[in-house]
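Participant: Sharing protein-v6.cif (mmCIF, C-alpha atoms and all ligand atoms) below.
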data_entry
#
loop_
_atom_site.label_atom_id
_atom_site.label_comp_id
_atom_site.auth_asym_id
_atom_site.auth_seq_id
_atom_site.Cartn_x
_atom_site.Cartn_y
_atom_site.Cartn_z
CA MET A 295 17.47 42.12 20.99
CA LYS A 296 15.46 40.40 18.28
CA ILE A 297 13.33 37.39 19.17
CA THR A 298 10.61 35.47 17.36
CA VAL A 299 7.25 35.32 19.09
CA SER A 300 4.72 32.98 17.51
CA GLY A 301 6.47 33.26 14.18
CA LYS A 302 6.83 37.06 14.19
CA GLU A 303 10.12 38.87 14.73
CA LYS A 304 9.94 41.33 17.64
CA GLU A 305 12.23 43.67 19.51
CA TYR A 306 12.52 43.24 23.30
CA SER A 307 15.05 44.41 25.84
CA GLU A 308 17.68 41.99 27.16
CA GLY A 309 16.90 39.99 30.29
CA ILE A 310 13.16 39.62 29.78
CA THR A 311 11.69 36.46 31.29
CA ILE A 312 9.00 34.27 29.77
CA LYS A 313 6.56 35.57 32.38
CA GLN A 314 7.31 39.20 31.41
CA LEU A 315 6.89 38.31 27.75
CA ILE A 316 3.52 36.69 28.49
CA GLU A 317 2.41 39.96 30.11
CA ALA A 318 3.85 42.15 27.35
CA GLU A 319 2.16 40.05 24.66
CA ASN A 320 -1.20 40.06 26.50
CA VAL A 321 -1.40 36.28 26.31
CA GLU A 322 -4.98 35.16 26.95
CA ASN A 323 -5.52 32.67 29.81
CA PRO A 324 -1.77 32.48 30.59
CA LEU A 325 -2.32 29.70 33.15
CA TYR A 326 -3.53 27.41 30.38
CA VAL A 327 -1.02 28.18 27.67
CA THR A 328 1.81 25.83 26.72
CA VAL A 329 5.05 27.66 25.99
CA THR A 330 7.94 26.41 23.90
CA LEU A 331 11.34 28.10 23.82
CA ASN A 332 13.43 27.09 20.80
CA ASP A 333 11.13 24.10 20.24
CA GLU A 334 11.42 22.78 23.80
CA PHE A 335 8.63 22.87 26.38
CA ILE A 336 8.96 25.37 29.22
CA GLN A 337 7.61 23.87 32.45
CA SER A 338 5.26 26.09 34.44
CA SER A 339 7.87 26.18 37.22
CA GLU A 340 10.35 27.79 34.80
CA ILE A 341 8.11 30.54 33.46
CA GLU A 342 9.16 33.13 36.04
CA THR A 343 12.86 32.36 35.84
CA ALA A 344 13.56 31.43 32.21
CA VAL A 345 15.31 34.35 30.54
CA ILE A 346 14.96 34.92 26.82
CA LYS A 347 18.10 35.52 24.77
CA ASP A 348 18.74 37.25 21.47
CA GLY A 349 17.56 35.10 18.56
CA ASP A 350 15.30 32.89 20.67
CA SER A 351 11.99 31.66 19.32
CA ILE A 352 8.95 31.44 21.59
CA GLU A 353 5.60 29.84 20.80
CA PHE A 354 2.39 30.13 22.77
CA LEU A 355 0.16 27.11 22.20
CA TYR A 356 -3.46 27.66 23.13
CA PHE A 357 -6.18 25.25 24.07
CA MET A 358 -8.82 25.16 21.32
CA GLY A 359 -11.72 22.99 22.30
CA GLY A 360 -14.27 23.83 19.66
CA GLY A 361 -15.32 21.48 16.93
CA CYS A 362 -19.04 21.50 17.26
CA MET B 258 -10.48 -5.56 -6.55
CA ALA B 259 -11.21 -4.30 -10.06
CA PHE B 260 -12.75 -0.91 -10.62
CA THR B 261 -16.11 -0.62 -12.34
CA ASN B 262 -16.42 1.88 -15.18
CA GLU B 263 -18.48 4.06 -12.90
CA GLN B 264 -15.75 4.03 -10.26
CA LEU B 265 -13.08 4.85 -12.85
CA GLU B 266 -15.11 7.87 -13.84
CA ARG B 267 -16.11 8.91 -10.32
CA TYR B 268 -12.52 8.81 -9.06
CA SER B 269 -10.83 9.89 -12.31
CA ARG B 270 -9.43 13.11 -10.77
CA HIS B 271 -7.79 11.07 -8.03
CA ILE B 272 -6.56 8.31 -10.32
CA ILE B 273 -4.81 10.79 -12.60
CA LEU B 274 -2.76 12.08 -9.66
CA LYS B 275 0.77 10.65 -9.56
CA ASP B 276 0.63 10.36 -5.76
CA VAL B 277 -2.72 8.53 -5.75
CA GLY B 278 -3.33 6.58 -8.95
CA VAL B 279 -5.28 3.33 -9.13
CA LYS B 280 -3.28 2.00 -6.20
CA GLY B 281 -4.06 4.95 -3.95
CA GLN B 282 -7.74 4.93 -4.86
CA LYS B 283 -7.85 1.24 -4.00
CA LYS B 284 -6.33 2.07 -0.60
CA LEU B 285 -9.02 4.72 -0.06
CA LEU B 286 -11.77 2.24 -0.96
CA GLU B 287 -10.30 -0.28 1.45
CA GLY B 288 -9.72 2.38 4.13
CA LYS B 289 -11.67 2.77 7.36
CA VAL B 290 -11.91 6.19 8.99
CA LEU B 291 -13.81 7.06 12.15
CA ILE B 292 -15.09 10.59 12.66
CA ILE B 293 -15.96 11.39 16.27
CA GLY B 294 -18.41 14.31 16.26
CA ALA B 295 -20.79 15.02 13.37
CA GLY B 296 -20.54 18.76 13.93
CA GLY B 297 -18.57 21.64 12.47
CA LEU B 298 -15.34 19.72 11.88
CA GLY B 299 -16.92 16.34 11.25
CA ALA B 300 -19.35 17.66 8.62
CA PRO B 301 -16.88 18.71 5.90
CA ALA B 302 -14.51 15.87 6.78
CA ALA B 303 -17.28 13.30 6.38
CA MET B 304 -18.47 14.80 3.10
CA TYR B 305 -15.02 14.93 1.51
CA LEU B 306 -14.05 11.48 2.73
CA ALA B 307 -17.30 10.06 1.38
CA ALA B 308 -16.75 11.84 -1.93
CA ALA B 309 -13.18 10.53 -2.00
CA GLY B 310 -14.44 6.98 -1.77
CA VAL B 311 -13.11 6.05 1.66
CA GLY B 312 -14.78 2.66 1.82
CA THR B 313 -15.87 2.57 5.45
CA ILE B 314 -16.61 5.70 7.42
CA GLY B 315 -17.76 5.55 11.02
CA ILE B 316 -19.47 8.57 12.51
CA ALA B 317 -20.16 8.99 16.23
CA ASP B 318 -22.40 11.63 17.80
CA ALA B 319 -25.24 11.46 20.30
CA ASP B 320 -26.86 14.80 19.42
CA ASN B 321 -29.77 15.78 17.22
CA VAL B 322 -29.54 18.51 14.60
CA ASP B 323 -30.32 21.95 16.05
CA LEU B 324 -31.04 25.18 14.19
CA SER B 325 -27.91 26.79 15.68
CA ASN B 326 -25.77 24.04 14.09
CA LEU B 327 -26.59 24.97 10.51
CA GLN B 328 -24.33 28.04 10.39
CA ARG B 329 -21.37 25.65 10.03
CA GLN B 330 -22.43 21.97 10.02
CA VAL B 331 -22.94 21.81 6.28
CA ILE B 332 -23.68 18.08 6.20
CA HIS B 333 -27.08 18.82 7.80
CA THR B 334 -29.82 20.89 6.18
CA THR B 335 -32.84 22.76 7.51
CA PRO B 336 -35.28 19.83 7.07
CA ASP B 337 -32.90 17.71 9.22
CA ILE B 338 -33.58 19.73 12.39
CA GLY B 339 -34.48 17.35 15.20
CA LYS B 340 -33.03 14.31 13.43
CA PRO B 341 -30.09 12.40 14.95
CA LYS B 342 -26.92 13.96 13.54
CA VAL B 343 -25.47 10.58 12.62
CA GLU B 344 -28.58 9.75 10.56
CA SER B 345 -28.61 13.10 8.82
CA ALA B 346 -24.86 12.78 8.13
CA LYS B 347 -25.27 9.27 6.78
CA GLU B 348 -28.01 10.37 4.35
CA THR B 349 -25.82 13.14 2.95
CA MET B 350 -22.75 10.90 2.67
CA GLN B 351 -24.64 8.16 0.87
CA ALA B 352 -26.26 10.66 -1.45
CA ILE B 353 -22.78 11.93 -2.34
CA ASN B 354 -21.36 8.45 -2.81
CA PRO B 355 -23.32 5.19 -2.51
CA ASP B 356 -19.97 3.29 -2.65
CA VAL B 357 -19.34 4.20 0.97
CA ASN B 358 -20.36 2.03 3.90
CA VAL B 359 -21.36 4.46 6.67
CA ILE B 360 -21.48 3.08 10.20
CA THR B 361 -23.27 5.23 12.77
CA TYR B 362 -22.76 5.39 16.54
CA LYS B 363 -25.48 7.47 18.17
CA GLU B 364 -23.63 7.80 21.44
CA PHE B 365 -21.20 9.98 23.31
CA ILE B 366 -17.79 8.49 23.84
CA TYR B 367 -16.64 7.45 27.28
CA SER B 368 -13.84 5.33 28.66
CA SER B 369 -16.32 2.45 28.65
CA ASN B 370 -17.15 2.45 24.92
CA ILE B 371 -14.35 4.22 23.03
CA MET B 372 -12.02 1.23 22.68
CA ASP B 373 -14.75 -0.89 21.11
CA ILE B 374 -15.61 1.90 18.68
CA ILE B 375 -12.11 2.85 17.51
CA ARG B 376 -10.74 -0.70 17.34
CA ASP B 377 -11.75 -1.46 13.74
CA TYR B 378 -10.52 1.78 12.16
CA ASP B 379 -7.30 2.77 10.39
CA PHE B 380 -7.51 6.46 11.27
CA VAL B 381 -9.58 8.58 13.65
CA LEU B 382 -10.61 12.22 13.30
CA ASP B 383 -11.33 14.17 16.47
CA GLY B 384 -14.19 16.50 15.63
CA THR B 385 -15.41 16.86 19.20
CA ASP B 386 -16.16 20.10 20.96
CA ASN B 387 -14.85 19.52 24.47
CA PHE B 388 -11.61 18.77 26.25
CA PRO B 389 -12.69 15.64 28.12
CA ALA B 390 -13.45 14.04 24.73
CA LYS B 391 -10.24 15.34 23.14
CA PHE B 392 -8.10 13.87 25.92
CA LEU B 393 -10.08 10.63 25.87
CA ILE B 394 -9.57 10.26 22.11
CA ASN B 395 -5.86 11.01 22.44
CA ASP B 396 -5.33 8.54 25.25
CA ALA B 397 -7.44 5.79 23.64
CA CYS B 398 -5.73 6.16 20.25
CA VAL B 399 -2.26 6.20 21.84
CA MET B 400 -3.08 3.11 23.93
CA ALA B 401 -4.64 1.29 20.95
CA LYS B 402 -1.88 2.58 18.60
CA ILE B 403 -4.43 3.99 16.15
CA PRO B 404 -3.35 7.11 14.23
CA PHE B 405 -5.56 10.15 14.70
CA CYS B 406 -5.85 13.82 13.87
CA HIS B 407 -6.71 16.33 16.57
CA ALA B 408 -8.34 19.64 15.69
CA GLY B 409 -9.84 22.55 17.53
CA ILE B 410 -11.49 25.78 16.43
CA ILE B 411 -12.65 28.97 18.10
CA ARG B 412 -13.54 32.45 16.83
CA PHE B 413 -11.30 33.04 13.77
CA GLU B 414 -8.70 30.47 14.77
CA GLY B 415 -8.04 26.79 14.32
CA GLN B 416 -5.39 24.23 15.16
CA LEU B 417 -4.53 20.74 13.97
CA MET B 418 -2.04 17.97 14.68
CA THR B 419 -1.66 14.33 13.71
CA TRP B 420 -0.40 11.48 15.82
CA VAL B 421 0.89 8.13 14.58
CA PRO B 422 2.28 5.31 16.72
CA GLU B 423 5.99 6.02 16.25
CA SER B 424 8.33 6.53 19.18
CA ASP B 425 9.38 10.11 18.43
CA VAL B 426 5.92 11.50 17.58
CA PRO B 427 4.37 13.71 20.28
CA CYS B 428 0.73 13.26 21.25
CA TYR B 429 -1.88 15.84 22.25
CA ARG B 430 -1.05 15.25 25.91
CA CYS B 431 2.61 16.05 25.27
CA VAL B 432 1.44 19.59 24.41
CA PHE B 433 -1.45 19.95 26.85
CA LYS B 434 -0.96 17.97 30.04
CA GLU B 435 -4.57 17.79 31.16
CA PRO B 436 -7.95 19.38 30.40
CA PRO B 437 -8.34 22.94 31.66
CA PRO B 438 -10.81 23.37 34.54
CA LYS B 439 -14.42 23.82 33.53
CA ASP B 440 -15.04 27.32 32.10
CA ALA B 441 -11.35 28.29 32.32
CA VAL B 442 -11.05 28.32 28.51
CA PRO B 443 -14.02 29.51 26.43
CA THR B 444 -15.92 27.05 24.23
CA CYS B 445 -17.19 27.99 20.78
CA ARG B 446 -20.65 28.29 22.23
CA GLN B 447 -19.41 30.97 24.61
CA ALA B 448 -16.93 32.65 22.27
CA GLY B 449 -18.38 31.92 18.82
CA VAL B 450 -16.75 30.57 15.69
CA ILE B 451 -16.88 31.46 12.01
CA GLY B 452 -18.57 28.61 10.16
CA ALA B 453 -15.98 28.60 7.39
CA MET B 454 -13.30 27.91 10.05
CA ALA B 455 -14.91 24.53 10.68
CA GLY B 456 -14.83 23.94 6.92
CA ILE B 457 -11.14 24.77 6.58
CA ILE B 458 -9.93 22.80 9.58
CA GLY B 459 -12.32 19.87 8.99
CA CYS B 460 -11.04 19.63 5.39
CA LEU B 461 -7.45 19.64 6.65
CA GLN B 462 -8.39 16.69 8.86
CA ALA B 463 -9.87 14.89 5.87
CA MET B 464 -6.64 15.59 4.00
CA GLU B 465 -4.58 14.03 6.80
CA ALA B 466 -6.75 10.88 6.61
CA ILE B 467 -6.38 10.75 2.82
CA LYS B 468 -2.59 11.19 3.03
CA TYR B 469 -2.39 8.52 5.72
CA LEU B 470 -4.42 6.02 3.69
CA THR B 471 -2.69 6.67 0.37
CA GLY B 472 0.79 7.26 1.78
CA ALA B 473 1.07 10.52 -0.18
CA GLY B 474 3.28 13.29 1.20
CA GLU B 475 3.99 13.84 4.86
CA LEU B 476 1.67 13.93 7.81
CA LEU B 477 1.31 16.76 10.29
CA THR B 478 3.22 14.98 13.04
CA GLY B 479 5.53 16.76 15.48
CA LYS B 480 3.91 20.04 14.54
CA LEU B 481 0.83 22.00 15.54
CA LEU B 482 -0.66 23.80 12.58
CA ILE B 483 -2.17 27.10 13.67
CA TYR B 484 -4.44 29.09 11.36
CA ASP B 485 -5.42 32.67 12.08
CA ALA B 486 -8.06 33.78 9.59
CA LEU B 487 -7.82 37.44 10.56
CA THR B 488 -4.16 37.70 9.60
CA ASN B 489 -4.18 34.87 7.00
CA ASP B 490 -1.35 33.18 8.90
CA PHE B 491 -0.94 29.43 8.47
CA ARG B 492 1.93 28.43 10.77
CA LYS B 493 3.40 25.20 11.99
CA ALA B 494 4.78 25.32 15.52
CA LYS B 495 7.29 22.56 16.17
CA ILE B 496 6.16 20.26 18.98
CA PRO B 497 8.72 18.27 20.92
CA LYS B 498 7.96 14.87 22.37
CA ASP B 499 7.50 15.06 26.14
CA ARG B 500 9.68 12.22 27.40
CA ASN B 501 7.62 12.31 30.62
CA CYS B 502 4.23 12.39 28.85
CA GLY B 503 1.53 10.74 30.94
CA VAL B 504 0.37 8.54 28.10
CA CYS B 505 2.87 8.23 25.21
CA SER B 506 6.18 8.06 27.09
CA ASP B 507 8.06 4.85 27.78
CA ASN B 508 6.77 4.73 31.36
CA PRO B 509 3.28 6.24 31.19
CA SER B 510 1.59 7.25 34.44
CA ILE B 511 -1.83 7.02 32.78
CA THR B 512 -2.61 3.43 31.92
CA LYS B 513 -6.40 3.57 32.23
CA LEU B 514 -8.76 5.84 30.31
CA ILE B 515 -10.15 8.82 32.23
CA ASP B 516 -13.64 10.33 32.03
CA TYR B 517 -13.02 13.97 32.87
CA GLU B 518 -15.95 16.13 33.87
CA GLN B 519 -17.78 17.31 30.77
CA ALA B 520 -17.54 21.03 30.10
CA ALA B 521 -18.68 21.07 26.51
CA CYS B 522 -20.79 23.52 24.63
CA GLU B 523 -23.13 20.84 23.37
CA LEU B 524 -23.59 18.71 26.44
CA LYS B 525 -26.73 20.29 27.76
CA LYS B 526 -28.54 17.31 29.15
ZN ZN C 601 2.42 12.30 24.65
#
Any chance you could put this one into structure tokens?
Ligand SMILES: [Zn+2]
Facilitator:
Amino acid sequence: MKITVSGKEKEYSEGITIKQLIEAENVENPLYVTVTLNDEFIQSSEIETAVIKDGDSIEFLYFMGGGC
Amino acid sequence: MAFTNEQLERYSRHIILKDVGVKGQKKLLEGKVLIIGAGGLGAPAAMYLAAAGVGTIGIADADNVDLSNLQRQVIHTTPDIGKPKVESAKETMQAINPDVNVITYKEFIYSSNIMDIIRDYDFVLDGTDNFPAKFLINDACVMAKIPFCHAGIIRFEGQLMTWVPESDVPCYRCVFKEPPPKDAVPTCRQAGVIGAMAGIIGCLQAMEAIKYLTGAGELLTGKLLIYDALTNDFRKAKIPKDRNCGVCSDNPSITKLIDYEQAACELKK
């Protein structure tokens, strides 16, 4: 299936969960990343269970604390 | 307020713009913007806002200029090392444009002083380098209903979002519930940052302030702009409003400002 991960179209197999996608995408500091699925927040309690479907769009939003 | 001939000439490239004009320039001259942090982000923002003729610019920072700042904090120069950053910034801003009234706050922001500092401003720029300050600025601006622009930078990446007091606009806390534990997420001191990144993102913050004051175009609300310099990607991720947000929801659980433990790159003392 085709999904959009942080704006880029990617090919993943059906049934993948958000947690599996986080691992496959090597997301840095996964505990501190905000995830949206089709522009809605995914709660941390849903990360293991939420299944991604064909055409879905996922964003990983990272903490960026610098400014100095 | 009538423009002097010198002002007409100084701001001629603004005045000729359909979306600014004499009216917009007047709004800039009457505008009040507070920049919290006279560092990487605050430096270009302060310089461009001063050049643009934003009439009152507040700048808050407790630090002195350090040699390691000069790779990106272009408002300070080598002879400024050791000087309070707010003083060095003020000198540069007034040299660029003597029209501008620069108000300095040589202090760190806490729950105890932030409300008094932000109160008189139309728009706030978050140019701080740590999460306790970023959450404090978000919460204070949401509570005081003062529009602000968040930004963060690290390595070759930057992010930016604007908040205004409208019911459907998400705040920083809608996206990030609370500060990460100390050392859980690297700071730019630990991970580094390209100086030009501060320039790009700080200028985008200045642009948000200018658009807010003049009313030109649309603000970066409901979106997080993410810039990756390595891939040249400028993207806007859509941000929903968290109806259970601790601070901007209808029934906020956070009603008092919080001083989180400081985990900043610059807070050495
Ligand atoms: Zn919120």
Participant: Excluding Cys445 in chain B and its own-chain neighbours fewer than 3 positions away, which residues fall within 6 Å of it when counting all atoms listed in the file? Please give them as an NGL selection string.
Facilitator: (:A and (360)) or (:B and (411 or 448-450))
Participant: Using only C-alpha atoms and all ligand atoms, find each protein or nucleic acid residue lying at most 7 Å from ligand ZN 601 (chain C); present the set as a list in words.
Facilitator: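 For ligand ZN 601 (chain C), the residues inside 7 Å are Pro427, Cys428, Tyr429, Arg430, Cys431, Lys498, Asp499, Cys502, Gly503, Val504, Cys505 and Ser506 of chain B.
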Participant: Any idea what the distance is between CA of Val299 in chain A and CA of Ser351 in chain A?
Facilitator: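 Separation of CA of Val299 in chain A and CA of Ser351 in chain A: 6.0 Å.
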Participant: Show me, as number ranges by chain, every residue of chain B with an atom at most 9 Å from chain A, counting only C-alpha atoms.
Facilitator: B: 294-299, 326, 329-330, 383-388, 391, 408-411, 414-416, 432-434, 436-437, 441-446, 450, 455, 459, 481, 483, 492-499, 521-523
Participant: Which one is closest to Ile366 in chain B: B:Ile292, B:Ile511, B:Ile353, B:Met304? Count all atoms listed in the file.
Facilitator: B:Ile292
Participant: What does the structure give for the distance between CA of Tyr268 in chain B and CA of Ala309 in chain B, in Å to one decimal?
Facilitator: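 CA of Ala309 in chain B lies 7.3 Å from CA of Tyr268 in chain B.
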Participant: Between CA of Leu327 in chain B and CA of Ile457 in chain B, what is the spacing in Å?
Facilitator: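 CA of Ile457 in chain B sits 15.9 Å away from CA of Leu327 in chain B.
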